[in-house]
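Engineer: Contents of structure07.txt (compact mmCIF, C-alpha atoms):
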# COMPACT_ATOMS: atom_id res chain seq x y z
CA MET A 1 0.00 0.00 0.00
CA ASN A 2 1.68 3.19 -1.23
CA LEU A 3 -0.14 6.30 0.00
CA ALA A 4 2.45 8.81 -1.21
CA GLY A 5 0.36 9.85 -4.21
CA ILE A 6 -2.84 10.65 -2.31
CA LYS A 7 -4.33 14.08 -3.10
CA LEU A 8 -7.91 13.62 -1.82
CA VAL A 9 -9.09 12.19 1.52
CA VAL A 10 -12.80 11.59 2.09
CA SER A 11 -14.33 10.45 5.37
CA ASP A 12 -17.83 9.60 6.47
CA MET A 13 -18.77 11.03 9.87
CA ASP A 14 -20.98 8.82 12.10
CA GLY A 15 -19.43 5.42 12.74
CA THR A 16 -16.24 6.54 10.98
CA LEU A 17 -14.62 9.85 11.94
CA LEU A 18 -16.91 10.32 14.95
CA ASN A 19 -16.67 7.95 17.91
CA SER A 20 -19.73 6.45 19.59
CA ASN A 21 -20.16 9.66 21.61
CA HIS A 22 -20.41 11.63 18.33
CA GLU A 23 -17.01 13.26 18.95
CA VAL A 24 -14.09 14.08 16.66
CA SER A 25 -10.75 13.30 18.29
CA GLY A 26 -8.12 15.91 19.05
CA LEU A 27 -5.67 13.68 17.20
CA PHE A 28 -7.62 14.11 13.98
CA PHE A 29 -7.36 17.89 14.17
CA GLU A 30 -3.59 17.60 14.68
CA LEU A 31 -3.30 15.28 11.67
CA PHE A 32 -5.44 17.62 9.59
CA LYS A 33 -2.78 20.33 10.00
CA GLU A 34 -0.29 17.94 8.37
CA LEU A 35 -2.72 17.10 5.55
CA LYS A 36 -3.06 20.82 4.86
CA LYS A 37 0.73 21.27 4.75
CA HIS A 38 0.86 18.62 2.00
CA ASN A 39 -1.99 20.28 0.04
CA ILE A 40 -4.25 17.27 0.50
CA ILE A 41 -7.94 18.07 0.04
CA PHE A 42 -10.12 16.79 2.89
CA VAL A 43 -13.82 16.08 2.40
CA ALA A 44 -16.31 15.32 5.17
CA ALA A 45 -19.05 13.26 3.51
CA SER A 46 -22.07 12.51 5.67
CA GLY A 47 -25.76 11.88 5.81
CA ARG A 48 -25.82 14.71 8.35
CA PRO A 49 -26.91 18.19 7.26
CA TYR A 50 -24.35 20.87 6.47
CA TYR A 51 -24.90 22.79 9.71
CA SER A 52 -24.40 19.65 11.82
CA ILE A 53 -21.14 18.76 10.05
CA THR A 54 -19.79 22.29 10.49
CA GLU A 55 -20.69 22.12 14.18
CA LYS A 56 -18.52 19.01 14.59
CA LEU A 57 -15.67 20.42 12.45
CA ASN A 58 -16.07 24.09 13.26
CA SER A 59 -12.36 24.94 13.59
CA ILE A 60 -11.55 23.64 10.09
CA LYS A 61 -14.86 24.20 8.26
CA ASP A 62 -13.38 26.83 5.93
CA ASP A 63 -10.45 24.57 5.00
CA ILE A 64 -12.44 21.52 3.90
CA ILE A 65 -15.17 20.54 1.46
CA ILE A 66 -18.45 19.35 2.95
CA VAL A 67 -20.64 16.75 1.28
CA ALA A 68 -23.88 16.80 3.27
CA GLU A 69 -27.20 14.94 3.11
CA ASN A 70 -25.58 11.87 1.50
CA GLY A 71 -24.33 13.90 -1.46
CA GLY A 72 -27.42 16.03 -1.94
CA ILE A 73 -25.39 19.15 -1.13
CA VAL A 74 -21.71 19.98 -1.68
CA ILE A 75 -20.32 23.18 -0.14
CA LYS A 76 -16.83 24.72 -0.10
CA GLN A 77 -16.27 27.87 1.97
CA GLN A 78 -20.03 28.54 1.97
CA GLU A 79 -20.16 28.28 -1.84
CA LEU A 80 -22.78 25.79 -3.04
CA LEU A 81 -21.13 23.50 -5.61
CA LEU A 82 -23.98 20.99 -5.98
CA SER A 83 -27.60 20.69 -4.89
CA THR A 84 -29.87 17.78 -5.86
CA PRO A 85 -33.32 18.10 -4.28
CA ILE A 86 -36.08 15.49 -4.32
CA ARG A 87 -38.64 15.93 -7.09
CA LYS A 88 -41.83 17.25 -5.51
CA GLU A 89 -44.21 15.00 -7.44
CA HIS A 90 -43.22 11.99 -5.34
CA LEU A 91 -43.46 13.56 -1.90
CA SER A 92 -47.15 12.87 -1.21
CA GLN A 93 -46.58 9.17 -1.94
CA VAL A 94 -43.77 9.08 0.60
CA GLU A 95 -45.81 10.84 3.27
CA LEU A 96 -48.62 8.30 2.89
CA LEU A 97 -46.12 5.50 3.51
CA ILE A 98 -44.73 7.27 6.55
CA ASN A 99 -48.18 7.92 8.00
CA SER A 100 -49.10 4.24 7.63
CA ASN A 101 -46.07 3.20 9.69
CA ASN A 102 -46.29 5.16 12.93
CA HIS A 103 -43.15 3.47 14.31
CA ILE A 104 -41.10 5.38 11.70
CA HIS A 105 -40.01 8.94 12.47
CA PRO A 106 -39.20 11.15 9.45
CA VAL A 107 -36.85 14.10 9.17
CA PHE A 108 -37.36 16.33 6.12
CA CYS A 109 -33.98 17.88 5.36
CA THR A 110 -33.50 21.20 3.57
CA LYS A 111 -30.30 23.17 3.06
CA LEU A 112 -30.53 25.25 6.24
CA LYS A 113 -32.81 23.32 8.60
CA ALA A 114 -34.72 20.11 9.28
CA TYR A 115 -38.41 19.50 9.87
CA PHE A 116 -39.72 16.94 12.37
CA LYS A 117 -43.33 15.84 12.44
CA SER A 118 -45.33 16.60 15.57
CA ALA A 119 -46.27 12.91 15.76
CA SER A 120 -42.59 12.20 16.60
CA ASN A 121 -42.76 14.33 19.74
CA GLY A 122 -41.12 11.71 21.99
CA TYR A 123 -38.11 11.42 19.68
CA ILE A 124 -37.37 15.07 18.98
CA LYS A 125 -34.52 15.34 21.50
CA LEU A 126 -32.83 12.30 19.97
CA LEU A 127 -33.33 13.47 16.38
CA SER A 128 -31.94 16.90 17.22
CA GLU A 129 -28.49 15.39 17.96
CA TYR A 130 -28.22 14.84 14.19
CA TYR A 131 -30.38 17.77 13.08
CA PRO A 132 -29.89 20.56 15.65
CA THR A 133 -31.63 23.26 13.60
CA PHE A 134 -35.26 22.24 13.21
CA THR A 135 -38.95 23.15 13.13
CA VAL A 136 -41.83 20.87 14.14
CA ILE A 137 -44.60 20.52 11.53
CA ASP A 138 -47.85 18.59 11.06
CA SER A 139 -47.49 17.79 7.36
CA ILE A 140 -44.88 17.73 4.61
CA ASP A 141 -46.97 20.45 2.94
CA ASP A 142 -45.68 22.84 5.62
CA VAL A 143 -42.17 22.64 4.12
CA GLU A 144 -41.74 25.39 1.53
CA GLU A 145 -38.04 24.92 0.72
CA ASP A 146 -36.56 22.20 -1.50
CA ILE A 147 -36.23 18.92 0.39
CA ILE A 148 -32.79 17.44 -0.21
CA LYS A 149 -33.27 14.23 1.78
CA ILE A 150 -35.83 12.42 3.91
CA ALA A 151 -34.20 10.61 6.82
CA LEU A 152 -36.31 7.88 8.43
CA TYR A 153 -35.58 6.73 11.99
CA HIS A 154 -36.56 3.55 13.83
CA ASP A 155 -35.49 3.00 17.43
CA ILE A 156 -34.68 -0.72 16.99
CA ASP A 157 -33.51 -1.62 13.48
CA SER A 158 -33.84 0.31 10.20
CA GLU A 159 -32.92 -2.62 7.96
CA LYS A 160 -35.71 -4.75 9.41
CA TYR A 161 -38.43 -2.23 10.17
CA ILE A 162 -38.01 0.60 7.62
CA TYR A 163 -36.26 -0.63 4.48
CA PRO A 164 -38.85 -3.30 3.48
CA HIS A 165 -41.60 -0.64 3.39
CA PHE A 166 -39.67 1.76 1.17
CA LYS A 167 -37.35 -0.29 -1.06
CA HIS A 168 -39.97 -0.41 -3.84
CA LEU A 169 -39.53 3.37 -4.32
CA GLU A 170 -36.33 2.74 -6.27
CA PRO A 171 -35.47 3.86 -8.95
CA ASP A 172 -37.43 7.09 -8.32
CA TYR A 173 -35.42 7.46 -5.11
CA LYS A 174 -32.09 6.39 -3.78
CA VAL A 175 -33.14 4.29 -0.77
CA LYS A 176 -30.16 3.71 1.51
CA ILE A 177 -29.73 2.04 4.88
CA SER A 178 -27.39 4.63 6.37
CA GLY A 179 -27.09 3.35 9.94
CA LYS A 180 -28.46 0.93 12.50
CA HIS A 181 -31.51 3.17 12.99
CA TRP A 182 -31.67 5.12 9.70
CA VAL A 183 -32.87 4.79 6.11
CA ASP A 184 -32.37 7.79 3.81
CA LEU A 185 -34.44 8.72 0.77
CA SER A 186 -33.03 11.10 -1.82
CA ASP A 187 -32.98 11.78 -5.54
CA ASP A 188 -31.30 8.96 -7.46
CA LEU A 189 -28.30 11.22 -8.24
CA ALA A 190 -28.01 12.50 -4.66
CA ASN A 191 -25.42 10.07 -3.34
CA LYS A 192 -21.92 10.44 -1.97
CA GLY A 193 -20.38 8.80 -5.04
CA HIS A 194 -21.89 11.34 -7.41
CA ALA A 195 -20.56 14.16 -5.21
CA ILE A 196 -17.04 12.71 -4.95
CA GLU A 197 -16.91 12.03 -8.69
CA LEU A 198 -17.72 15.71 -9.27
CA LEU A 199 -14.83 16.73 -6.99
CA GLN A 200 -12.43 14.29 -8.65
CA LYS A 201 -13.25 15.82 -12.04
CA THR A 202 -13.06 19.37 -10.70
CA TYR A 203 -9.60 18.89 -9.22
CA ASN A 204 -8.33 16.35 -11.79
CA ILE A 205 -7.81 13.65 -9.17
CA SER A 206 -7.83 9.95 -10.06
CA PRO A 207 -9.06 6.97 -7.99
CA LYS A 208 -5.40 6.08 -7.32
CA GLU A 209 -5.00 9.50 -5.71
CA THR A 210 -8.14 9.13 -3.58
CA LEU A 211 -8.47 7.73 -0.05
CA VAL A 212 -11.98 7.06 1.32
CA PHE A 213 -13.29 5.86 4.71
CA GLY A 214 -16.79 4.53 5.34
CA ASP A 215 -18.91 2.25 7.48
CA TYR A 216 -22.43 1.95 6.07
CA ASN A 217 -24.35 1.34 2.83
CA ASN A 218 -24.64 5.04 2.00
CA ASP A 219 -20.83 5.06 1.64
CA ILE A 220 -20.64 2.33 -1.01
CA GLU A 221 -20.79 4.56 -4.11
CA MET A 222 -17.90 6.73 -2.94
CA LEU A 223 -15.80 3.76 -1.78
CA LYS A 224 -15.97 2.42 -5.33
CA LEU A 225 -14.28 5.61 -6.58
CA ALA A 226 -11.09 5.12 -4.57
CA THR A 227 -8.23 2.67 -5.00
CA TYR A 228 -7.55 3.21 -1.30
CA SER A 229 -11.02 2.50 0.08
CA PHE A 230 -11.18 1.62 3.77
CA ALA A 231 -14.00 -0.06 5.69
CA MET A 232 -14.08 0.54 9.42
CA GLU A 233 -13.83 -2.53 11.65
CA ASN A 234 -17.38 -1.69 12.80
CA ALA A 235 -18.67 -1.41 9.21
CA HIS A 236 -21.67 -3.17 7.69
CA GLU A 237 -20.70 -6.40 5.91
CA ASN A 238 -21.75 -4.89 2.55
CA VAL A 239 -19.14 -2.17 3.03
CA LYS A 240 -16.41 -4.64 3.97
CA GLU A 241 -17.10 -6.56 0.77
CA ILE A 242 -16.72 -3.43 -1.37
CA ALA A 243 -13.73 -1.78 0.32
CA ASN A 244 -10.20 -2.73 -0.70
CA TYR A 245 -8.82 -2.34 2.83
CA CYS A 246 -9.95 -2.40 6.45
CA THR A 247 -8.94 -0.28 9.45
CA LYS A 248 -9.73 -0.23 13.16
CA SER A 249 -13.11 0.88 14.49
CA ASN A 250 -14.29 4.45 14.96
CA ASN A 251 -13.72 4.04 18.71
CA HIS A 252 -10.11 2.94 18.14
CA TYR A 253 -8.94 5.75 15.84
CA GLY A 254 -9.30 3.79 12.61
CA VAL A 255 -9.26 6.92 10.42
CA GLU A 256 -6.39 8.54 12.32
CA LEU A 257 -4.28 5.37 12.07
CA ILE A 258 -4.37 5.47 8.26
CA LEU A 259 -3.89 9.25 8.13
CA GLU A 260 -0.70 8.81 10.16
CA LYS A 261 0.52 6.30 7.55
CA LEU A 262 -0.41 8.75 4.79
CA ILE A 263 1.54 11.59 6.40
CA ASP A 264 4.55 9.33 6.96
CA ALA A 265 4.43 8.34 3.28
CA LYS A 266 4.39 11.99 2.23
CA LYS A 267 7.51 12.68 4.31
CA LEU A 268 9.61 9.98 2.62
Turn this file's structure into structure tokens for me.
Structural biologist:
Amino acid sequence: MNLAGIKLVVSDMDGTLLNSNHEVSGLFFELFKELKKHNIIFVAASGRPYYSITEKLNSIKDDIIIVAENGGIVIKQQELLLSTPIRKEHLSQVELLINSNNHIHPVFCTKLKAYFKSASNGYIKLLSEYYPTFTVIDSIDDVEEDIIKIALYHDIDSEKYIYPHFKHLEPDYKVKISGKHWVDLSDDLANKGHAIELLQKTYNISPKETLVFGDYNNDIEMLKLATYSFAMENAHENVKEIANYCTKSNNHYGVELILEKLIDAKKL
């Protein structure tokens, strides 16, 4: 494994760069300074909204590129590089499905804020960890802005209790199991792979010059775009099958371990 040629590093957030307490390590911020010295572009690519990612990475937010809402939005230094909202003609169909499954709690994600349904009242505190800027609504019709993503939460298991009810919406939507408790719906082109491919073309960076970290199914498209694709030890089995390499878990500095190797390779 020769990391000396890497020009682009991309990391998922939850389950990858963030530990189980939703924290970024101090070690990562120290390593980021070294990445910057070597002119390596760093991308935070997450299902989280832009404002939640910048909250976690506030001290470096102007030095990185942010791929938010699973690729639905790409922002560099507050400049919007890509936005792929959900087509409005399908939204009523989705709301009917949600309303018929009252164990599922939706989050309607726009560029600047999220919308929770009043029926999810008991889960609002939990949902706000991921979507801290929000308004509570009664119906999807109350959302006037473009919806970039619909995140669906189940408190036991998303793969078992959400995905079977929504998988038939493909190919109109990208339907992704994005975590133990989450399924995300977005436009078919709104995925992390599409966003990273745009950045690779913009900066003339090849897969051999790209390093990607991920842990769940919403990371698969972007992992396929990197020769140096790493699954976390805690990753979903689908991700481990796709990735070319594996690293330690998010609670054991799996991302930082490989970044240290990258920086050492650059110094040779």
Engineer: Using only C-alpha atoms, which of A:Ile40, A:Ala119, A:Leu3, A:Leu97 sits nearest Tyr228 in chain A?
Structural biologist: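 Looking only at the distances to Tyr228 in chain A, the closest residue turns out to be A:Leu3.
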Engineer: For range 27-35 of chain A, please output as JSON, numbers by chain all residues within 8 Å (counting all atoms listed in the file; exclusion window: fewer than 4 positions along the same chain).
Structural biologist: {"A": [39, 40, 41, 42, 256, 259, 260, 263]}
Engineer: Return as CSV the residues of range 29-74 of chain A lying at most 12 Å from range 199-215 of chain A, together with the closest atom-to-atom pair for each and the distance in Å to one decimal, counting all atoms listed in the file, with rows in chain order and ascending residue number.
Structural biologist:
residue,atom,partner,partner_atom,distance
A:Ile40,CA,A:Thr210,CA,9.9
A:Ile41,CA,A:Tyr203,CA,9.4
A:Phe42,CA,A:Leu211,CA,9.7
A:Val43,CA,A:Val212,CA,9.3
A:Ala44,CA,A:Phe213,CA,9.9
A:Ala45,CA,A:Gly214,CA,9.2
A:Ser46,CA,A:Gly214,CA,9.6
A:Gly47,CA,A:Gly214,CA,11.6
A:Ile65,CA,A:Leu199,CA,9.3
A:Ile66,CA,A:Leu199,CA,10.9
A:Val67,CA,A:Leu199,CA,10.1
A:Gly71,CA,A:Leu199,CA,11.4
A:Val74,CA,A:Leu199,CA,9.3
Engineer: Do you know which residues are at most 12 Å from range 157-170 of chain A counting all atoms listed in the file, after dropping those on the same chain fewer than 2 positions away, and could you put them as a VMD selection string?
Structural biologist: chain A and resid 90 to 91 93 to 106 150 to 155 172 to 189 216 to 217 236
Engineer: Might you pull out every residue within 7 Å of Thr135 in chain A, with all atoms listed in the file counted and same-chain residues fewer than 4 positions away left off, and present them as a PyMOL selection string?
Structural biologist: chain A and resi 114-116
Engineer: Mind giving me the axis-aligned box for range 242-253 of chain A with 4 Å on every side, centre plus edges in Å to one decimal, as JSON?
Structural biologist:
{"center_x": -12.8, "center_y": 1.2, "center_z": 8.7, "size_x": 15.9, "size_y": 17.2, "size_z": 28.1}
Engineer: Work out how far apart CA of Asn244 in chain A and CA of Leu17 in chain A are and give it in Å to one decimal.
Structural biologist: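 The value is 18.4 Å.
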Engineer: Using all atoms listed in the file, which residue out of A:Ile242, A:Ala195, A:Met232, A:Leu57 lies closest to Gly254 in chain A?
Structural biologist: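 Among the listed residues, the smallest separation from Gly254 in chain A belongs to A:Met232.
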Engineer: Provide the CA of Ile86 in chain A to CA of Glu145 in chain A distance in Å, to one decimal place.
Structural biologist: 10.9 Å
Engineer: Given only C-alpha atoms as the basis, pick out the residue of A:Gly193, A:Ala68, A:Val107, A:Asn251 nearest to Ala226 in chain A.
Structural biologist: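 Among A:Gly193, A:Ala68, A:Val107, A:Asn251, it is A:Gly193 that comes nearest to Ala226 in chain A.
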Engineer: Give the answer as one residue: which of A:Lys37, A:Arg48, A:Lys56, A:Lys88 has the shortest atom-to-atom distance to Lys111 in chain A, using only C-alpha atoms?
Structural biologist: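 Among the listed residues, A:Arg48 lies closest to Lys111 in chain A.
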Engineer: So how far away is CA of Met222 in chain A from CA of Asp264 in chain A, in Å?
Structural biologist: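 Taking CA of Asp264 in chain A as the start and CA of Met222 in chain A as the end point, the length is 24.7 Å.
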